[in-house]
Amino acid sequence: MKLQTPSLLYLVCITPLLFILSESTQPPFSCDASDPATKSYPFCETTLPITQRVRDLVSRLTLALHGLAVSRGMRFNGTIRSATSFPQVILTAASFDAVGIEGRAIYNVGQAMGLTFWAPNINIFRDPRWGRGQETPGEDPLVTGKYAVSYVRGIQGDSFEGGKLGENLQASACCKHFTAYDLDNWKGVTRYVFNANVSLQDLADTYQPPFQSCIEEGKASGVMCAYNRVNGVPNCADYNLLSKTARGQWGFNGYITADCDAVATIYEQQGYVKVPEDAAADVLKAGMDVDCGSYLLKYTKSAVEKRKLSLSEIDRALYNLFSIRMRLGLFNGNPVKQPFGNIGLDQICSQEHQNLALEAARNGIVLLKNAKKLLPLSKTETTSLAVIGPNADSEQTLLGNYAGPPCKTITPLKGLQSYVKDTRFHQGCNAVNCSSAFTDQAMNVATGADRVVLVMGLDQTQEREKFDRVDLVLPPKQQNLISAIARAAKNPIILVLLSGGPVDISFAKKDPHIGSILWAGYPGEAGGRALAEIIFGDHNPGGRLPVTWYPQSYTNIPMTDMRMRPEPSSGYPGRTYRFYQGPKVSSHVVGNSNPPGYIPVSKIGTEVCDKIKHQVTVRVENNGEMAGKHSLLLFVRPANMSNMRPVKQLVAFQSVNLKAGERAEIELELRPCEHLSLANEDGTMVIEEGSYFLSIGDKEIEIQAVK
C-alpha cells in the first residue's frame, strides 16, 4: 500500500518558522505552538472552524506556484522496519482499522511524510484477466460498496457503524479508480489510451455504486480519478463525473487526485487536447485538485497567464487539499499532542494485529473440492508429508502487490512442517511459469510420503498492475506437473492455489487423484499457518469465491468489451455471476421472458421506501462435526428472466459462528427500493413488477412486487 501526501510545492513561503521537518523522531507539522509567530495567523487557531482557517491560509498564497503536485514518503529504514501484512484484498475485507492505526504510528515516529492512503481500490472485478483484480474485493457491487465503507471508516478512525469520526482524521482514505477502470495492459491496449464505452445502465447499477457508497456512507476524504476515458471523456477531465456526480449528487467533501501522470496522458497519449495547458485547465475546471505527476507543476501558471484557467479554480483546489490536511491535524501544532498522537511503536506488528492477519487469512480461504471428505487430514495418522510447488515456500507470493515488509511470514511449507515432523519439500518448477519442470525429482518425493500437498497457482509475474493475463489456465508445464504427481502419489492429493484472479481448473476438479482443492488468494504473512490449520482440521474453512471462475473459452471475449449484460443474438454471454449466461467451472441455467411493467424508485419516495423494509429471518444449524464460520448470502432473483435483469443479485450477507450441532436465528434486512431495483437503459433505477425469489443456499421463498 502506498502512503502519499498531497502537498503544494513551490508556494510562497508564509514563514519558515511555521513548518517543522525532522529526520526521524518526529512527524512533519506546522503551527508550532511554541513559536509566538503562529498566534498571529488565524489558520493556526484551532478554535476556529476549519472552513475559516483554510480560507485564511489560501488567501495568503500567491501565484508564485509552479503547480500542484504530490510528494511521497513512507520509509521502513528507521526504527520501524516492517508492518503487519494482511491478506490481499481479493481474499478478505477485514482489519482495516489496524491498517489505519499502523499508518498513523509510522507517521508519529517520523517515518512518513503524510497520512493520505491512496486506497481502497473499489473497481469491479469485471474481467477475470485483469492484473489488478487481486486488489479489489471482487465482482459484486454490493460487497464492493460494503468493503469500501468498512475500509474507509477503519482507515480514517471512524467506528464500524459510522458517525463517530467528526472532523478529525486518523488517516485519509482515497477511493479509486473513478470510474469504470479495470484494464491495465491487454494485448497492446493500455489503460492510458483505453476508451471504455459504458452504457448508462451499466454505470448506474455496476460501476458507480461502490463509489457512491464510499462517499455517502464511508465519508471518504479522497477520490482518485482514473487514467482511462469513459465514452470519450478522460475521467480526470469529466466535470459531470467529478463535480456534478461526486460532489453535487453524492455530497463528496474532500480532495480529488489524478492517478500518477493521468493529466499528462490526456495530452500525450489520448490527444484529447491540443496543448499541455489545456490538460491542466480541463482537469482543474472539472473538479480535480491535485496531480500525481508534473503537468500541473509545469503548466498551471501558463494556463492562467493564457486565460485558460481562473485563479478561483486554483483556490478551490487548494481549499480542498488544505481542508484534509487540517482534518489530519497537520496545522494544529505537534501531532503527537493531538488526537491520534498517542499511537506509537507498540501498535506496529502488535500481537493483536498479527492475530487479525491470521484470522483474516483463515476466513478467506475457500474449499473448492473435498472428495470423500479427504480434509481434514488426521494429525496422528499422517506420518509423512510431501509439500511440492513453486509457491510452497515463497514469502513474496503470499503478499500480493502493494505490500510493505511483513512482521514475520509463515509460508505453507513452514506451516505444514509444524504439524508433521517428517515433511519433505521440492519446488517442482523453477518458478510459477514452470519454464523448467523437475517432474521426476518431484514425483520421487511424492511417492515416498503418506500425503501430498501441492502449492501451485500464480504470482506477480503472471498478474499485476500494468500486466493483464491472456489465459485463464495454469502455465502448461505446471498443470502437467500437477497431474503427474497426482497419478504417482499413494493417496489422493491436496491442491492449494495461490492467485488473485480465477483459474480454469476443470482438469483438477475432474481428476479422481486430486481429492481436495483450496483457493487461498494471496493470504498475507500468516497465510501458511492458516492453510496448515485448515488442512489438519484446526480451522473449518467458510470462505466464498468473490469472482466467477470462467472456462478458458471466455478469453475469446475481448477484454475491452465493457458490457455487463448478455446479448444472445451475437453470442455475447455477459459478465459476472449477475449476468453471465455461458458455461462456468460450475454451471448456471437461465431463461428469457417479455419485459414487465415498472415504476421508478424516485417516484416511490424515501418515506415509502423506508416503510416497506422487511426483516428476513434465517434459521441456521451447523450439522457438521466441527465448529465453523459460515457466510449467509441472501440473493434475489426474478421469477422471469430477461437479458436486462441480473440472473441473481446479492442483497445482504452476514457471517455466523456455530459450534457442531448449534442452531441460531439470524435477521437480514430486505430493502425493496434498493434490493429489487435495477437500472433501465437510461440509467434510471426502477422496480419491475412481478415475482421474485429470495434464496439462501438451496432454500427459496417467493415475494411479489406490485404497482
# chains A, B, ... in the order shown; residues from 1 in each chain; ligands from 1

call {"tool": "select_by_dssp", "arguments": {"residues": "range 387-514 of chain A", "states": "strand (DSSP E)", "output": "JSON, numbers by chain"}}
result
{"A": [387, 388, 423, 424, 425, 426, 451, 452, 453, 454, 455, 456, 457, 493, 494, 495, 496, 497, 498, 514]}

call {"tool": "residues_around", "arguments": {"residues": "range 250-260 of chain A", "least_positions_apart": "3", "cutoff": "10 Å", "atoms": "only C-alpha atoms", "output": "mmCIF file with N, CA and C atoms, in the first residue's frame"}}
result
data_model
loop_
_atom_site.group_PDB
_atom_site.id
_atom_site.type_symbol
_atom_site.label_atom_id
_atom_site.label_comp_id
_atom_site.auth_asym_id
_atom_site.auth_seq_id
_atom_site.Cartn_x
_atom_site.Cartn_y
_atom_site.Cartn_z
ATOM 1 N N PRO A 6 -0.652 14.553 -0.398
ATOM 2 C CA PRO A 6 -0.903 15.685 -1.274
ATOM 3 C C PRO A 6 -0.208 16.909 -0.704
ATOM 4 N N ALA A 69 1.311 19.315 -6.852
ATOM 5 C CA ALA A 69 1.913 18.005 -7.072
ATOM 6 C C ALA A 69 1.875 17.225 -5.777
ATOM 7 N N VAL A 70 2.404 16.021 -5.805
ATOM 8 C CA VAL A 70 2.450 15.211 -4.605
ATOM 9 C C VAL A 70 3.882 14.843 -4.274
ATOM 10 N N TRP A 118 -3.680 6.079 -0.570
ATOM 11 C CA TRP A 118 -4.398 6.009 -1.839
ATOM 12 C C TRP A 118 -4.976 4.603 -2.016
ATOM 13 N N SER A 172 -6.207 9.531 5.979
ATOM 14 C CA SER A 172 -7.155 9.850 4.908
ATOM 15 C C SER A 172 -7.196 8.710 3.907
ATOM 16 N N CYS A 174 -8.671 7.093 0.244
ATOM 17 C CA CYS A 174 -8.944 7.623 -1.099
ATOM 18 C C CYS A 174 -9.526 6.508 -1.965
ATOM 19 N N CYS A 175 -10.776 6.635 -2.358
ATOM 20 C CA CYS A 175 -11.427 5.600 -3.157
ATOM 21 C C CYS A 175 -11.026 5.747 -4.626
ATOM 22 N N LYS A 176 -10.572 4.667 -5.202
ATOM 23 C CA LYS A 176 -10.048 4.694 -6.571
ATOM 24 C C LYS A 176 -10.518 3.448 -7.327
ATOM 25 N N HIS A 177 -10.490 3.472 -8.620
ATOM 26 C CA HIS A 177 -10.107 4.488 -9.586
ATOM 27 C C HIS A 177 -11.399 4.884 -10.294
ATOM 28 N N PHE A 178 -11.783 6.124 -10.158
ATOM 29 C CA PHE A 178 -13.075 6.643 -10.553
ATOM 30 C C PHE A 178 -13.014 7.039 -12.029
ATOM 31 N N PHE A 211 -18.543 3.509 -5.533
ATOM 32 C CA PHE A 211 -18.045 4.862 -5.266
ATOM 33 C C PHE A 211 -19.097 5.696 -4.536
ATOM 34 N N GLN A 212 -20.344 5.496 -4.889
ATOM 35 C CA GLN A 212 -21.408 6.206 -4.185
ATOM 36 C C GLN A 212 -21.436 5.801 -2.714
ATOM 37 N N SER A 213 -21.317 4.505 -2.431
ATOM 38 C CA SER A 213 -21.276 4.035 -1.039
ATOM 39 C C SER A 213 -20.060 4.575 -0.308
ATOM 40 N N CYS A 214 -18.916 4.570 -0.999
ATOM 41 C CA CYS A 214 -17.670 5.041 -0.397
ATOM 42 C C CYS A 214 -17.794 6.490 0.058
ATOM 43 N N ILE A 215 -18.488 7.299 -0.749
ATOM 44 C CA ILE A 215 -18.632 8.721 -0.452
ATOM 45 C C ILE A 215 -19.763 8.972 0.534
ATOM 46 N N GLU A 216 -20.951 8.445 0.237
ATOM 47 C CA GLU A 216 -22.131 8.764 1.047
ATOM 48 C C GLU A 216 -22.100 8.107 2.418
ATOM 49 N N GLU A 217 -21.715 6.837 2.483
ATOM 50 C CA GLU A 217 -21.722 6.106 3.752
ATOM 51 C C GLU A 217 -20.351 6.107 4.422
ATOM 52 N N LYS A 219 -17.899 8.262 3.915
ATOM 53 C CA LYS A 219 -17.388 9.630 4.115
ATOM 54 C C LYS A 219 -15.903 9.709 3.772
ATOM 55 N N ALA A 220 -15.550 9.112 2.645
ATOM 56 C CA ALA A 220 -14.153 9.159 2.207
ATOM 57 C C ALA A 220 -13.698 10.603 2.043
ATOM 58 N N SER A 221 -12.443 10.850 2.401
ATOM 59 C CA SER A 221 -11.889 12.198 2.274
ATOM 60 C C SER A 221 -11.087 12.375 1.000
ATOM 61 N N GLY A 222 -10.956 11.306 0.204
ATOM 62 C CA GLY A 222 -10.230 11.392 -1.050
ATOM 63 C C GLY A 222 -10.844 10.514 -2.119
ATOM 64 N N VAL A 223 -10.708 10.922 -3.363
ATOM 65 C CA VAL A 223 -11.126 10.143 -4.529
ATOM 66 C C VAL A 223 -10.042 10.289 -5.579
ATOM 67 N N MET A 224 -9.717 9.207 -6.261
ATOM 68 C CA MET A 224 -8.744 9.255 -7.357
ATOM 69 C C MET A 224 -9.456 9.002 -8.673
ATOM 70 N N CYS A 225 -9.279 9.922 -9.621
ATOM 71 C CA CYS A 225 -9.828 9.709 -10.956
ATOM 72 C C CYS A 225 -8.853 8.862 -11.780
ATOM 73 N N ALA A 226 -9.422 8.046 -12.661
ATOM 74 C CA ALA A 226 -8.655 7.019 -13.361
ATOM 75 C C ALA A 226 -8.057 7.532 -14.667
ATOM 76 N N TYR A 227 -7.097 6.748 -15.196
ATOM 77 C CA TYR A 227 -6.421 7.095 -16.449
ATOM 78 C C TYR A 227 -7.373 7.108 -17.645
ATOM 79 N N ASN A 235 -11.513 10.588 -17.508
ATOM 80 C CA ASN A 235 -12.139 10.662 -16.190
ATOM 81 C C ASN A 235 -11.724 11.912 -15.419
ATOM 82 N N CYS A 236 -10.448 12.260 -15.499
ATOM 83 C CA CYS A 236 -9.947 13.384 -14.712
ATOM 84 C C CYS A 236 -10.322 14.740 -15.298
ATOM 85 N N ALA A 237 -10.911 14.734 -16.488
ATOM 86 C CA ALA A 237 -11.358 15.980 -17.105
ATOM 87 C C ALA A 237 -12.879 16.009 -17.264
ATOM 88 N N LEU A 242 -16.822 14.319 -11.806
ATOM 89 C CA LEU A 242 -16.151 14.787 -10.586
ATOM 90 C C LEU A 242 -16.979 15.802 -9.805
ATOM 91 N N SER A 243 -17.511 16.792 -10.487
ATOM 92 C CA SER A 243 -18.211 17.872 -9.794
ATOM 93 C C SER A 243 -19.712 17.625 -9.684
ATOM 94 N N LYS A 244 -20.332 17.245 -10.791
ATOM 95 C CA LYS A 244 -21.783 17.089 -10.771
ATOM 96 C C LYS A 244 -22.211 15.841 -10.005
ATOM 97 N N THR A 245 -21.537 14.706 -10.261
ATOM 98 C CA THR A 245 -21.940 13.452 -9.615
ATOM 99 C C THR A 245 -21.335 13.313 -8.221
ATOM 100 N N ALA A 246 -19.997 13.288 -8.138
ATOM 101 C CA ALA A 246 -19.345 13.027 -6.845
ATOM 102 C C ALA A 246 -19.657 14.118 -5.825
ATOM 103 N N ARG A 247 -19.441 15.358 -6.186
ATOM 104 C CA ARG A 247 -19.657 16.445 -5.227
ATOM 105 C C ARG A 247 -21.124 16.858 -5.160
ATOM 106 N N VAL A 263 -2.867 13.230 -15.844
ATOM 107 C CA VAL A 263 -3.075 14.514 -16.524
ATOM 108 C C VAL A 263 -2.224 14.578 -17.788
ATOM 109 N N ALA A 264 -1.007 14.096 -17.709
ATOM 110 C CA ALA A 264 -0.132 14.087 -18.888
ATOM 111 C C ALA A 264 -0.712 13.233 -20.006
ATOM 112 N N THR A 265 -1.344 12.106 -19.654
ATOM 113 C CA THR A 265 -1.873 11.206 -20.692
ATOM 114 C C THR A 265 -2.982 11.864 -21.505
ATOM 115 N N VAL A 283 -8.626 19.665 -16.255
ATOM 116 C CA VAL A 283 -8.791 18.847 -15.052
ATOM 117 C C VAL A 283 -9.166 19.701 -13.840
ATOM 118 N N LEU A 284 -8.576 20.878 -13.735
ATOM 119 C CA LEU A 284 -8.915 21.744 -12.601
ATOM 120 C C LEU A 284 -10.340 22.266 -12.723
ATOM 121 N N GLY A 287 -12.883 19.698 -11.635
ATOM 122 C CA GLY A 287 -13.028 19.465 -10.203
ATOM 123 C C GLY A 287 -11.895 18.695 -9.574
ATOM 124 N N MET A 288 -10.874 18.349 -10.359
ATOM 125 C CA MET A 288 -9.700 17.680 -9.796
ATOM 126 C C MET A 288 -8.872 18.698 -9.012
ATOM 127 N N ASP A 289 -8.196 18.233 -7.956
ATOM 128 C CA ASP A 289 -7.499 19.149 -7.057
ATOM 129 C C ASP A 289 -5.984 18.997 -7.040
ATOM 130 N N VAL A 290 -5.461 17.798 -7.289
ATOM 131 C CA VAL A 290 -4.023 17.590 -7.166
ATOM 132 C C VAL A 290 -3.565 16.570 -8.197
ATOM 133 N N ASP A 291 -2.376 16.766 -8.693
ATOM 134 C CA ASP A 291 -1.812 15.951 -9.756
ATOM 135 C C ASP A 291 -0.688 15.091 -9.197
ATOM 136 N N CYS A 292 -0.827 13.780 -9.313
ATOM 137 C CA CYS A 292 0.308 12.901 -9.033
ATOM 138 C C CYS A 292 1.130 12.850 -10.320
ATOM 139 N N GLY A 293 1.993 13.822 -10.478
ATOM 140 C CA GLY A 293 2.762 13.949 -11.702
ATOM 141 C C GLY A 293 3.290 15.367 -11.821
ATOM 142 N N SER A 294 3.718 15.736 -13.006
ATOM 143 C CA SER A 294 4.397 17.019 -13.173
ATOM 144 C C SER A 294 3.628 18.026 -14.013
ATOM 145 N N ARG A 316 -10.004 26.871 -5.213
ATOM 146 C CA ARG A 316 -10.860 25.752 -4.811
ATOM 147 C C ARG A 316 -10.049 24.481 -4.555
ATOM 148 N N ALA A 317 -9.103 24.212 -5.448
ATOM 149 C CA ALA A 317 -8.255 23.032 -5.275
ATOM 150 C C ALA A 317 -7.446 23.130 -3.993
ATOM 151 N N LEU A 318 -6.875 24.286 -3.738
ATOM 152 C CA LEU A 318 -6.107 24.488 -2.513
ATOM 153 C C LEU A 318 -6.994 24.338 -1.286
ATOM 154 N N TYR A 319 -8.189 24.867 -1.366
ATOM 155 C CA TYR A 319 -9.128 24.753 -0.241
ATOM 156 C C TYR A 319 -9.401 23.281 0.080
ATOM 157 N N ASN A 320 -9.674 22.484 -0.932
ATOM 158 C CA ASN A 320 -9.967 21.068 -0.701
ATOM 159 C C ASN A 320 -8.766 20.330 -0.122
ATOM 160 N N LEU A 321 -7.574 20.651 -0.606
ATOM 161 C CA LEU A 321 -6.363 19.976 -0.126
ATOM 162 C C LEU A 321 -6.038 20.362 1.316
ATOM 163 N N PHE A 322 -6.064 21.649 1.603
ATOM 164 C CA PHE A 322 -5.718 22.084 2.958
ATOM 165 C C PHE A 322 -6.788 21.687 3.970
ATOM 166 N N SER A 323 -8.029 21.548 3.524
ATOM 167 C CA SER A 323 -9.082 21.096 4.436
ATOM 168 C C SER A 323 -8.763 19.719 4.985
ATOM 169 N N ILE A 324 -8.307 18.825 4.110
ATOM 170 C CA ILE A 324 -7.977 17.469 4.560
ATOM 171 C C ILE A 324 -6.734 17.490 5.440
#

call {"tool": "residues_around", "arguments": {"residues": "Pro638 in chain A", "least_positions_apart": "6", "cutoff": "8 Å", "atoms": "only C-alpha atoms", "output": "PyMOL selection string"}}
result
chain A and resi 645+647-648+690-693

call {"tool": "write_last_selection", "arguments": {"atoms": "all heavy atoms", "output": "PDB file, in the first residue's frame"}}
result
ATOM      1  N   ARG A 645     -32.096  -8.071 -16.871  1.00  0.00           N
ATOM      2  CA  ARG A 645     -32.104  -8.333 -15.434  1.00  0.00           C
ATOM      3  C   ARG A 645     -30.903  -9.169 -15.023  1.00  0.00           C
ATOM      4  O   ARG A 645     -30.468 -10.046 -15.770  1.00  0.00           O
ATOM      5  CB  ARG A 645     -33.370  -9.093 -15.043  1.00  0.00           C
ATOM      6  CG  ARG A 645     -34.653  -8.300 -15.084  1.00  0.00           C
ATOM      7  CD  ARG A 645     -35.809  -9.234 -14.753  1.00  0.00           C
ATOM      8  NE  ARG A 645     -37.019  -8.514 -14.397  1.00  0.00           N
ATOM      9  CZ  ARG A 645     -38.119  -9.106 -13.931  1.00  0.00           C
ATOM     10  NH1 ARG A 645     -38.137 -10.415 -13.775  1.00  0.00           N
ATOM     11  NH2 ARG A 645     -39.171  -8.390 -13.630  1.00  0.00           N
ATOM     12  N   VAL A 647     -29.171 -12.290 -13.382  1.00  0.00           N
ATOM     13  CA  VAL A 647     -29.578 -13.667 -13.100  1.00  0.00           C
ATOM     14  C   VAL A 647     -29.952 -13.791 -11.632  1.00  0.00           C
ATOM     15  O   VAL A 647     -30.969 -14.386 -11.263  1.00  0.00           O
ATOM     16  CB  VAL A 647     -28.428 -14.642 -13.446  1.00  0.00           C
ATOM     17  CG1 VAL A 647     -28.768 -16.057 -13.027  1.00  0.00           C
ATOM     18  CG2 VAL A 647     -28.105 -14.559 -14.928  1.00  0.00           C
ATOM     19  N   LYS A 648     -29.124 -13.218 -10.785  1.00  0.00           N
ATOM     20  CA  LYS A 648     -29.414 -13.085  -9.359  1.00  0.00           C
ATOM     21  C   LYS A 648     -28.544 -11.964  -8.834  1.00  0.00           C
ATOM     22  O   LYS A 648     -27.584 -11.541  -9.483  1.00  0.00           O
ATOM     23  CB  LYS A 648     -29.161 -14.380  -8.592  1.00  0.00           C
ATOM     24  CG  LYS A 648     -27.731 -14.886  -8.629  1.00  0.00           C
ATOM     25  CD  LYS A 648     -27.594 -16.161  -7.801  1.00  0.00           C
ATOM     26  CE  LYS A 648     -26.155 -16.686  -7.837  1.00  0.00           C
ATOM     27  NZ  LYS A 648     -25.998 -17.896  -6.997  1.00  0.00           N
ATOM     28  N   GLY A 690     -43.837  -7.986 -10.566  1.00  0.00           N
ATOM     29  CA  GLY A 690     -43.790  -9.420 -10.795  1.00  0.00           C
ATOM     30  C   GLY A 690     -43.237 -10.179  -9.608  1.00  0.00           C
ATOM     31  O   GLY A 690     -43.075  -9.643  -8.510  1.00  0.00           O
ATOM     32  N   SER A 691     -42.938 -11.450  -9.831  1.00  0.00           N
ATOM     33  CA  SER A 691     -42.468 -12.341  -8.777  1.00  0.00           C
ATOM     34  C   SER A 691     -40.950 -12.336  -8.686  1.00  0.00           C
ATOM     35  O   SER A 691     -40.255 -12.245  -9.706  1.00  0.00           O
ATOM     36  CB  SER A 691     -42.948 -13.774  -9.040  1.00  0.00           C
ATOM     37  OG  SER A 691     -44.352 -13.853  -8.975  1.00  0.00           O
ATOM     38  N   TYR A 692     -40.481 -12.436  -7.449  1.00  0.00           N
ATOM     39  CA  TYR A 692     -39.054 -12.570  -7.170  1.00  0.00           C
ATOM     40  C   TYR A 692     -38.873 -13.709  -6.168  1.00  0.00           C
ATOM     41  O   TYR A 692     -39.788 -14.043  -5.413  1.00  0.00           O
ATOM     42  CB  TYR A 692     -38.479 -11.282  -6.576  1.00  0.00           C
ATOM     43  CG  TYR A 692     -38.471 -10.097  -7.511  1.00  0.00           C
ATOM     44  CD1 TYR A 692     -39.614  -9.322  -7.687  1.00  0.00           C
ATOM     45  CD2 TYR A 692     -37.323  -9.743  -8.204  1.00  0.00           C
ATOM     46  CE1 TYR A 692     -39.613  -8.232  -8.546  1.00  0.00           C
ATOM     47  CE2 TYR A 692     -37.305  -8.652  -9.063  1.00  0.00           C
ATOM     48  CZ  TYR A 692     -38.459  -7.898  -9.228  1.00  0.00           C
ATOM     49  OH  TYR A 692     -38.455  -6.822 -10.081  1.00  0.00           O
ATOM     50  N   PHE A 693     -37.704 -14.273  -6.169  1.00  0.00           N
ATOM     51  CA  PHE A 693     -37.373 -15.298  -5.188  1.00  0.00           C
ATOM     52  C   PHE A 693     -36.198 -14.833  -4.337  1.00  0.00           C
ATOM     53  O   PHE A 693     -35.191 -14.365  -4.859  1.00  0.00           O
ATOM     54  CB  PHE A 693     -37.012 -16.622  -5.880  1.00  0.00           C
ATOM     55  CG  PHE A 693     -38.190 -17.337  -6.477  1.00  0.00           C
ATOM     56  CD1 PHE A 693     -38.527 -17.144  -7.807  1.00  0.00           C
ATOM     57  CD2 PHE A 693     -38.973 -18.179  -5.698  1.00  0.00           C
ATOM     58  CE1 PHE A 693     -39.612 -17.788  -8.359  1.00  0.00           C
ATOM     59  CE2 PHE A 693     -40.063 -18.836  -6.242  1.00  0.00           C
ATOM     60  CZ  PHE A 693     -40.393 -18.644  -7.577  1.00  0.00           C
TER      61      PHE A 693
END

call {"tool": "residues_around", "arguments": {"residues": "Ala371 in chain A", "least_positions_apart": "3", "cutoff": "8 Å", "atoms": "only C-alpha atoms", "output": "ChimeraX atom specification"}}
result
/A:374,515-516

call {"tool": "residues_around", "arguments": {"residues": "range 194-197 of chain A", "least_positions_apart": "4", "cutoff": "10 Å", "atoms": "only C-alpha atoms", "output": "ChimeraX atom specification"}}
result
/A:179-185,189-190,227-234,269-270,560-563

call {"tool": "select_by_dssp", "arguments": {"residues": "range 315-371 of chain A", "states": "helix (DSSP H, G or I)", "output": "ChimeraX atom specification"}}
result
/A:315-327,335-337,345-347,351-364,371

call {"tool": "residues_around", "arguments": {"residues": "range 493-508 of chain A", "least_positions_apart": "6", "cutoff": "7 Å", "atoms": "only C-alpha atoms", "output": "PyMOL selection string"}}
result
chain A and resi 90+128-129+133-134+451-459+472-474+486+514-522+549-552+585

call {"tool": "residues_around", "arguments": {"residues": "Lys421 in chain A", "least_positions_apart": "5", "cutoff": "12 Å", "atoms": "only C-alpha atoms", "output": "ChimeraX atom specification"}}
result
/A:379-380,382-386,413-416

call {"tool": "write_last_selection", "arguments": {"atoms": "C-alpha atoms", "output": "PDB file, in the first residue's frame"}}
result
ATOM      1  CA  LYS A 379      -2.745 -35.384  12.767  1.00  0.00           C
ATOM      2  CA  THR A 380      -1.917 -38.794  14.199  1.00  0.00           C
ATOM      3  CA  THR A 382      -0.230 -38.606   8.742  1.00  0.00           C
ATOM      4  CA  THR A 383       3.300 -39.754   9.464  1.00  0.00           C
ATOM      5  CA  SER A 384       4.975 -38.236   6.391  1.00  0.00           C
ATOM      6  CA  LEU A 385       4.114 -35.353   4.134  1.00  0.00           C
ATOM      7  CA  ALA A 386       5.400 -34.160   0.749  1.00  0.00           C
ATOM      8  CA  LEU A 413       5.779 -25.222   3.925  1.00  0.00           C
ATOM      9  CA  LYS A 414       6.609 -23.774   7.348  1.00  0.00           C
ATOM     10  CA  GLY A 415       3.003 -24.050   8.460  1.00  0.00           C
ATOM     11  CA  LEU A 416       2.744 -27.708   7.443  1.00  0.00           C
TER      12      LEU A 416
END

call {"tool": "closest_residue", "arguments": {"among": "A:Leu330, A:Arg663, A:Leu63, A:Asp346", "to": "Ala303 in chain A", "atoms": "only C-alpha atoms"}}
result
A:Leu63

call {"tool": "closest_residue", "arguments": {"among": "A:Ser553, A:Gln396, A:Asn391, A:Thr62", "to": "Ile314 in chain A", "atoms": "only C-alpha atoms"}}
result
A:Thr62

call {"tool": "closest_residue", "arguments": {"among": "A:Phe29, A:Tyr151, A:Phe86, A:Phe653", "to": "Arg362 in chain A", "atoms": "only C-alpha atoms"}}
result
A:Phe86

call {"tool": "closest_residue", "arguments": {"among": "A:Thr136, A:Gln417, A:Gln654, A:Ser435", "to": "Phe536 in chain A", "atoms": "only C-alpha atoms"}}
result
A:Gln417

call {"tool": "decode", "arguments": {"residues": "range 642-647 of chain A", "atoms": "all heavy atoms", "output": "PDB file, in the first residue's frame"}}
result
ATOM      1  N   SER A 642     -34.955 -11.829 -18.100  1.00  0.00           N
ATOM      2  CA  SER A 642     -34.745 -11.099 -19.349  1.00  0.00           C
ATOM      3  C   SER A 642     -33.261 -10.781 -19.418  1.00  0.00           C
ATOM      4  O   SER A 642     -32.546 -10.875 -18.419  1.00  0.00           O
ATOM      5  CB  SER A 642     -35.574  -9.813 -19.386  1.00  0.00           C
ATOM      6  OG  SER A 642     -35.026  -8.847 -18.502  1.00  0.00           O
ATOM      7  N   ASN A 643     -32.799 -10.387 -20.579  1.00  0.00           N
ATOM      8  CA  ASN A 643     -31.373 -10.122 -20.727  1.00  0.00           C
ATOM      9  C   ASN A 643     -30.931  -8.876 -19.976  1.00  0.00           C
ATOM     10  O   ASN A 643     -29.750  -8.659 -19.776  1.00  0.00           O
ATOM     11  CB  ASN A 643     -31.024  -9.984 -22.215  1.00  0.00           C
ATOM     12  CG  ASN A 643     -31.160 -11.293 -22.960  1.00  0.00           C
ATOM     13  OD1 ASN A 643     -30.907 -12.354 -22.400  1.00  0.00           O
ATOM     14  ND2 ASN A 643     -31.577 -11.232 -24.213  1.00  0.00           N
ATOM     15  N   MET A 644     -31.895  -8.032 -19.583  1.00  0.00           N
ATOM     16  CA  MET A 644     -31.550  -6.810 -18.874  1.00  0.00           C
ATOM     17  C   MET A 644     -31.461  -7.019 -17.370  1.00  0.00           C
ATOM     18  O   MET A 644     -30.872  -6.231 -16.654  1.00  0.00           O
ATOM     19  CB  MET A 644     -32.580  -5.719 -19.181  1.00  0.00           C
ATOM     20  CG  MET A 644     -32.594  -5.260 -20.636  1.00  0.00           C
ATOM     21  SD  MET A 644     -31.034  -4.505 -21.176  1.00  0.00           S
ATOM     22  CE  MET A 644     -30.283  -5.854 -22.093  1.00  0.00           C
ATOM     23  N   ARG A 645     -32.096  -8.071 -16.871  1.00  0.00           N
ATOM     24  CA  ARG A 645     -32.104  -8.333 -15.434  1.00  0.00           C
ATOM     25  C   ARG A 645     -30.903  -9.169 -15.023  1.00  0.00           C
ATOM     26  O   ARG A 645     -30.468 -10.046 -15.770  1.00  0.00           O
ATOM     27  CB  ARG A 645     -33.370  -9.093 -15.043  1.00  0.00           C
ATOM     28  CG  ARG A 645     -34.653  -8.300 -15.084  1.00  0.00           C
ATOM     29  CD  ARG A 645     -35.809  -9.234 -14.753  1.00  0.00           C
ATOM     30  NE  ARG A 645     -37.019  -8.514 -14.397  1.00  0.00           N
ATOM     31  CZ  ARG A 645     -38.119  -9.106 -13.931  1.00  0.00           C
ATOM     32  NH1 ARG A 645     -38.137 -10.415 -13.775  1.00  0.00           N
ATOM     33  NH2 ARG A 645     -39.171  -8.390 -13.630  1.00  0.00           N
ATOM     34  N   PRO A 646     -30.395  -8.955 -13.810  1.00  0.00           N
ATOM     35  CA  PRO A 646     -29.384  -9.877 -13.296  1.00  0.00           C
ATOM     36  C   PRO A 646     -29.964 -11.281 -13.125  1.00  0.00           C
ATOM     37  O   PRO A 646     -31.144 -11.431 -12.780  1.00  0.00           O
ATOM     38  CB  PRO A 646     -29.010  -9.279 -11.935  1.00  0.00           C
ATOM     39  CG  PRO A 646     -29.437  -7.851 -12.003  1.00  0.00           C
ATOM     40  CD  PRO A 646     -30.636  -7.825 -12.890  1.00  0.00           C
ATOM     41  N   VAL A 647     -29.171 -12.290 -13.382  1.00  0.00           N
ATOM     42  CA  VAL A 647     -29.578 -13.667 -13.100  1.00  0.00           C
ATOM     43  C   VAL A 647     -29.952 -13.791 -11.632  1.00  0.00           C
ATOM     44  O   VAL A 647     -30.969 -14.386 -11.263  1.00  0.00           O
ATOM     45  CB  VAL A 647     -28.428 -14.642 -13.446  1.00  0.00           C
ATOM     46  CG1 VAL A 647     -28.768 -16.057 -13.027  1.00  0.00           C
ATOM     47  CG2 VAL A 647     -28.105 -14.559 -14.928  1.00  0.00           C
TER      48      VAL A 647
END
